[in-house]
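structure11.txt follows (compact mmCIF, C-alpha atoms and all ligand atoms):
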```txt
# COMPACT_ATOMS: atom_id res chain seq x y z
CA MET A 1 0.00 0.00 0.00
CA ALA A 2 1.55 3.24 -1.14
CA ILE A 3 1.62 6.37 0.98
CA ILE A 4 0.79 9.37 -1.21
CA ALA A 5 1.32 12.82 0.26
CA SER A 6 0.64 16.26 -1.18
CA ASN A 7 2.65 19.22 0.06
CA PHE A 8 0.78 22.38 -0.91
CA LYS A 9 3.70 24.61 0.12
CA THR A 10 2.43 28.22 -0.34
CA ASN A 11 -0.41 27.33 -2.69
CA HIS A 12 -4.22 27.23 -2.56
CA THR A 13 -6.66 29.28 -0.51
CA ARG A 14 -9.12 28.24 2.20
CA LYS A 15 -11.78 27.83 -0.44
CA SER A 16 -9.75 25.84 -2.94
CA THR A 17 -8.25 23.70 -0.16
CA ALA A 18 -11.71 22.80 1.12
CA SER A 19 -12.83 21.77 -2.32
CA PHE A 20 -9.58 19.82 -2.91
CA VAL A 21 -9.89 17.92 0.39
CA ASN A 22 -13.55 17.13 -0.21
CA GLU A 23 -12.85 15.89 -3.69
CA VAL A 24 -9.99 13.63 -2.57
CA ASN A 25 -12.17 12.35 0.24
CA GLU A 26 -15.04 11.49 -2.12
CA PHE A 27 -12.61 9.87 -4.55
CA LEU A 28 -11.14 7.61 -1.86
CA LYS A 29 -14.57 6.73 -0.53
CA SER A 30 -16.33 6.01 -3.79
CA ASN A 31 -13.47 4.02 -5.30
CA ASP A 32 -12.70 2.11 -2.14
CA ILE A 33 -9.02 3.02 -2.37
CA SER A 34 -6.82 2.01 0.53
CA ASN A 35 -3.71 4.16 -0.12
CA GLU A 36 -2.70 6.22 2.86
CA VAL A 37 -3.16 9.80 1.65
CA ILE A 38 -1.84 12.84 3.50
CA VAL A 39 -2.48 16.45 2.47
CA PHE A 40 -0.41 19.31 3.88
CA PRO A 41 -2.30 22.56 3.21
CA THR A 42 -1.24 26.01 4.38
CA ALA A 43 -2.02 26.63 8.05
CA THR A 44 -4.53 29.33 7.05
CA SER A 45 -6.59 26.66 5.29
CA PHE A 46 -6.95 24.26 8.23
CA ASP A 47 -10.55 23.42 8.99
CA GLU A 48 -12.68 20.76 10.60
CA PHE A 49 -12.63 18.50 7.57
CA GLU A 50 -14.58 15.26 7.70
CA THR A 51 -12.40 12.64 6.10
CA VAL A 52 -12.26 8.89 5.59
CA SER A 53 -9.78 7.09 7.83
CA ASN A 54 -7.06 6.86 5.15
CA LEU A 55 -7.05 10.61 4.42
CA THR A 56 -5.13 12.75 6.90
CA ILE A 57 -4.51 16.48 7.04
CA GLY A 58 -1.07 17.48 8.28
CA ALA A 59 0.88 20.65 9.07
CA GLN A 60 3.75 21.75 6.82
CA ASN A 61 5.41 23.30 9.83
CA ALA A 62 4.79 24.44 13.39
CA TYR A 63 6.89 25.74 16.26
CA ALA A 64 8.22 23.49 19.00
CA ALA A 65 5.82 24.85 21.62
CA GLU A 66 2.24 24.49 22.74
CA LYS A 67 1.81 28.27 22.67
CA GLY A 68 3.81 31.36 23.62
CA SER A 69 5.53 34.42 22.20
CA TYR A 70 6.75 33.23 18.80
CA THR A 71 5.53 35.84 16.36
CA GLY A 72 4.35 34.37 13.10
CA GLU A 73 4.41 30.78 14.32
CA ILE A 74 1.75 28.32 15.40
CA GLY A 75 1.97 25.68 18.12
CA THR A 76 0.03 22.63 19.21
CA VAL A 77 -2.82 24.67 20.70
CA GLN A 78 -3.60 25.92 17.19
CA LEU A 79 -3.13 22.46 15.65
CA ASP A 80 -5.34 20.84 18.29
CA GLU A 81 -8.19 23.10 17.27
CA PHE A 82 -8.33 21.13 14.00
CA GLY A 83 -7.30 17.74 15.37
CA ILE A 84 -4.01 17.86 13.45
CA LYS A 85 -1.56 15.22 14.63
CA THR A 86 0.72 14.93 11.59
CA ILE A 87 3.64 17.20 10.77
CA LEU A 88 6.33 17.60 8.13
CA ILE A 89 9.76 18.29 9.63
CA GLY A 90 13.08 19.04 7.93
CA HIS A 91 11.74 19.88 4.48
CA SER A 92 14.48 21.22 2.24
CA GLU A 93 12.71 24.57 1.83
CA ARG A 94 12.68 24.98 5.62
CA ARG A 95 16.36 24.05 5.75
CA HIS A 96 17.65 25.98 2.74
CA VAL A 97 15.18 28.83 2.14
CA LEU A 98 14.03 29.53 5.70
CA GLY A 99 17.40 28.70 7.25
CA GLU A 100 16.36 26.10 9.85
CA SER A 101 19.46 24.51 11.37
CA GLN A 102 19.82 20.82 12.17
CA ASP A 103 19.77 21.79 15.82
CA GLU A 104 16.41 23.58 15.49
CA ILE A 105 15.02 20.75 13.41
CA ALA A 106 16.09 18.19 16.02
CA LYS A 107 14.42 20.25 18.79
CA LYS A 108 11.23 20.44 16.76
CA TYR A 109 11.40 16.69 16.12
CA ASP A 110 11.84 15.93 19.83
CA PHE A 111 8.94 18.14 20.76
CA TYR A 112 6.49 16.66 18.24
CA MET A 113 7.70 13.15 19.05
CA SER A 114 6.99 13.79 22.73
CA LYS A 115 3.46 14.81 21.70
CA GLY A 116 2.95 11.61 19.69
CA TYR A 117 2.59 13.28 16.29
CA LYS A 118 3.09 11.33 13.10
CA ILE A 119 6.27 12.88 11.71
CA ILE A 120 7.23 12.91 8.06
CA TYR A 121 10.92 13.66 8.30
CA CYS A 122 12.64 14.92 5.15
CA ILE A 123 16.25 14.52 4.09
CA GLY A 124 18.05 15.17 0.82
CA GLU A 125 21.23 16.52 -0.70
CA PRO A 126 21.89 19.62 -2.84
CA LEU A 127 23.27 19.31 -6.38
CA GLU A 128 26.92 19.87 -5.56
CA VAL A 129 26.83 17.00 -3.08
CA LYS A 130 25.06 14.70 -5.52
CA GLU A 131 27.73 15.50 -8.09
CA SER A 132 30.43 14.36 -5.70
CA GLY A 133 29.03 10.82 -5.65
CA LEU A 134 26.93 8.35 -3.68
CA ASP A 135 29.26 8.11 -0.66
CA LYS A 136 29.24 11.89 -0.17
CA THR A 137 25.48 11.95 -0.71
CA LEU A 138 24.91 9.34 2.00
CA GLU A 139 27.32 11.10 4.33
CA TYR A 140 25.34 14.33 3.85
CA VAL A 141 22.00 12.60 4.31
CA TYR A 142 23.14 10.78 7.47
CA GLU A 143 24.19 14.13 8.96
CA GLN A 144 20.56 15.19 8.61
CA PHE A 145 19.71 12.48 11.14
CA GLU A 146 21.86 14.12 13.81
CA GLY A 147 19.79 14.48 16.98
CA ILE A 148 16.87 12.57 15.44
CA ASP A 149 15.52 9.54 17.30
CA THR A 150 14.87 7.27 14.33
CA ASN A 151 13.41 4.53 16.53
CA TYR A 152 10.27 6.62 16.96
CA GLU A 153 7.33 4.41 16.05
CA ASN A 154 5.31 7.14 14.37
CA LEU A 155 7.97 8.12 11.86
CA ILE A 156 7.86 8.21 8.06
CA LEU A 157 10.93 9.34 6.14
CA ALA A 158 10.98 11.23 2.85
CA TYR A 159 14.06 11.36 0.64
CA GLU A 160 13.84 14.52 -1.43
CA PRO A 161 17.00 15.42 -3.33
CA VAL A 162 17.09 19.23 -3.36
CA TRP A 163 18.05 19.37 -7.06
CA ALA A 164 14.92 17.41 -7.99
CA ILE A 165 12.44 19.58 -6.07
CA GLY A 166 10.32 21.79 -8.30
CA THR A 167 12.80 21.47 -11.15
CA GLY A 168 11.07 18.88 -13.33
CA VAL A 169 14.25 16.79 -13.02
CA THR A 170 13.36 13.53 -11.30
CA ALA A 171 16.11 11.38 -9.82
CA THR A 172 16.81 8.29 -11.91
CA ASN A 173 15.55 4.94 -10.69
CA ASP A 174 19.15 4.02 -9.86
CA ASP A 175 19.66 7.23 -7.84
CA ILE A 176 16.50 6.49 -5.90
CA THR A 177 17.14 2.80 -5.23
CA ASN A 178 20.78 3.41 -4.23
CA VAL A 179 19.90 6.02 -1.64
CA HIS A 180 16.72 4.29 -0.46
CA SER A 181 18.37 0.92 0.09
CA ALA A 182 21.23 2.55 2.02
CA ILE A 183 18.88 4.55 4.26
CA LYS A 184 16.57 1.59 4.79
CA SER A 185 19.41 -0.69 5.83
CA ARG A 186 20.15 1.75 8.67
CA ILE A 187 16.66 2.96 9.45
CA PRO A 188 13.87 0.48 8.76
CA LYS A 189 11.01 2.97 8.42
CA PRO A 190 8.58 3.73 5.59
CA LEU A 191 10.51 5.86 3.09
CA LEU A 192 8.86 8.14 0.53
CA TYR A 193 10.54 9.67 -2.51
CA GLY A 194 9.93 13.31 -3.41
CA GLY A 195 11.19 15.54 -6.22
CA SER A 196 9.31 16.14 -9.48
CA VAL A 197 7.01 13.16 -9.04
CA LYS A 198 4.10 13.41 -11.46
CA VAL A 199 1.22 11.44 -12.99
CA ALA A 200 3.49 9.92 -15.62
CA ASN A 201 6.22 8.60 -13.30
CA VAL A 202 4.58 8.03 -9.92
CA ARG A 203 3.75 4.39 -10.50
CA GLU A 204 7.21 3.45 -11.71
CA ILE A 205 8.85 5.27 -8.78
CA CYS A 206 6.53 3.88 -6.12
CA ALA A 207 7.05 0.35 -7.49
CA LEU A 208 10.82 0.55 -6.95
CA ASP A 209 12.39 -1.54 -4.20
CA GLY A 210 12.61 0.44 -0.98
CA VAL A 211 10.09 3.09 -2.05
CA ASP A 212 6.94 3.16 0.10
CA GLY A 213 5.24 6.11 -1.54
CA ALA A 214 5.71 9.67 -2.72
CA LEU A 215 5.72 13.19 -1.29
CA ILE A 216 4.58 15.46 -4.09
CA GLY A 217 4.57 19.22 -4.57
CA THR A 218 3.77 20.79 -7.95
CA ALA A 219 1.97 17.87 -9.61
CA SER A 220 -0.28 17.35 -6.61
CA TRP A 221 -1.78 20.83 -6.59
CA ILE A 222 -4.14 20.10 -9.47
CA ILE A 223 -6.94 17.94 -8.14
CA GLU A 224 -7.40 15.88 -11.32
CA ASP A 225 -3.69 15.06 -11.38
CA PHE A 226 -3.63 14.20 -7.71
CA LYS A 227 -6.57 11.83 -8.11
CA GLN A 228 -4.81 10.23 -11.08
CA ILE A 229 -1.65 9.85 -8.99
CA ILE A 230 -3.66 8.00 -6.35
CA GLU A 231 -5.36 5.91 -9.04
CA ASN A 232 -2.01 4.99 -10.60
CA THR A 233 -0.65 3.67 -7.31
CA LYS A 234 -3.74 2.13 -5.73
CA ASP A 235 -2.70 -1.48 -6.20
CA LEU A 236 0.96 -1.12 -5.15
P1 LIG B 301 7.91 18.95 -6.38
O1 LIG B 301 7.00 17.77 -6.50
O2 LIG B 301 7.31 20.24 -6.83
O3 LIG B 301 9.24 18.67 -7.00
O4 LIG B 301 8.18 19.16 -4.81
C1 LIG B 301 8.58 18.10 -4.03
C2 LIG B 301 8.50 18.48 -2.61
O5 LIG B 301 9.23 19.32 -2.14
C3 LIG B 301 7.45 17.85 -1.79
O6 LIG B 301 7.64 18.13 -0.44
```

Please render this file's structure as structure tokens.
Amino acid sequence: MAIIASNFKTNHTRKSTASFVNEVNEFLKSNDISNEVIVFPTATSFDEFETVSNLTIGAQNAYAAEKGSYTGEIGTVQLDEFGIKTILIGHSERRHVLGESQDEIAKKYDFYMSKGYKIIYCIGEPLEVKESGLDKTLEYVYEQFEGIDTNYENLILAYEPVWAIGTGVTATNDDITNVHSAIKSRIPKPLLYGGSVKVANVREICALDGVDGALIGTASWIIEDFKQIIENTKDL
């Protein structure tokens, strides 16, 4: 059973998110699809969505606090209001665009682990590291596990090479299986691939050894494409 996750990033409004979530929900229900589907909308679009048990709404980010003086952030008090118990941590855009350090990421991870959240923890190397070979890539990726308790039972990993995110350049099947098998031999957790996954390649990628699903940005924002992505992986 593939895990299919949509990361909205800074896309969609309250209105379009509500219609997206309802449509995915109806699609899963009426086609009796058992994929685990997770949608990460913007925090402004959280709502009390009624969903089937295999559709979950998660947070793209939140601060490592219940509440407090952290201007611009949200904590678990705000997530609780919508019953959100799933969070993305360590996404490359948080690391490289928003400047989150490994130390901050590890603190956030500890906090959400202590609260029992399902954590989708992202790792992945930039282009210059990829170009220096598989050993360097793995070294870089393993450093992103510093301070992270990978024995946590409610953990899903997502390998998202930075050079493949939003670029249209998907990692090759060999790139994916090499990195996935290495990570899995150290950390036996569900492992998603992310980086330019789309309707046309999602099935092939999710069928690879060591790939348990996909974390998708761009191609998941169009409802018809996202439904097709789910359809294409429903029997894996
Ligand atoms: P794209 O699917 O747009 O490459 O983004 C991947 C991603 O960052 C998902 O978290």

Taking all atoms of ligand LIG 301 (chain B) that appear in the file, build a box with edges along x, y and z, extend it by 5 Å on every side, and state its centre and edge lengths in Å to one decimal, as lines of an AutoDock Vina configuration file.
```
center_x = 8.1
center_y = 19.0
center_z = -3.7
size_x = 12.2
size_y = 12.5
size_z = 16.6
```

Closest to Lys67 (chain A) among A:Tyr140, A:Lys118, A:Gly124, A:Asp80, using all atoms listed in the file? A:Asp80

List as a list in words the protein and nucleic acid residues near Ile216 (chain A), meaning an atom at most 6 Å away when all atoms listed in the file are counted, but skip any in the same chain fewer than 2 places from it.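 The neighbour list is Ser6, Asn7, Gly194, Val197 and Ser220 of chain A.
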
Quick one: residues within 8 Å of ligand LIG 301 (chain B), with all atoms listed in the file, as number ranges by chain? A: 6-7, 9, 91-93, 160, 162, 164-168, 170, 194-198, 215-220

Sort by chain and increasing residue number a table of all residues of region 130-229 of chain A within 10 Å of region 22-27 of chain A, each with its closest pair of atoms and their distance in Å to one decimal, counting all atoms listed in the file, and write it as JSON lines.
```
{"residue": "A:Ile223", "atom": "CA", "partner": "A:Val24", "partner_atom": "CA", "distance": 7.7}
{"residue": "A:Glu224", "atom": "CA", "partner": "A:Glu23", "partner_atom": "CA", "distance": 9.4}
{"residue": "A:Phe226", "atom": "CA", "partner": "A:Val24", "partner_atom": "CA", "distance": 8.2}
{"residue": "A:Lys227", "atom": "CA", "partner": "A:Val24", "partner_atom": "CA", "distance": 6.8}
```
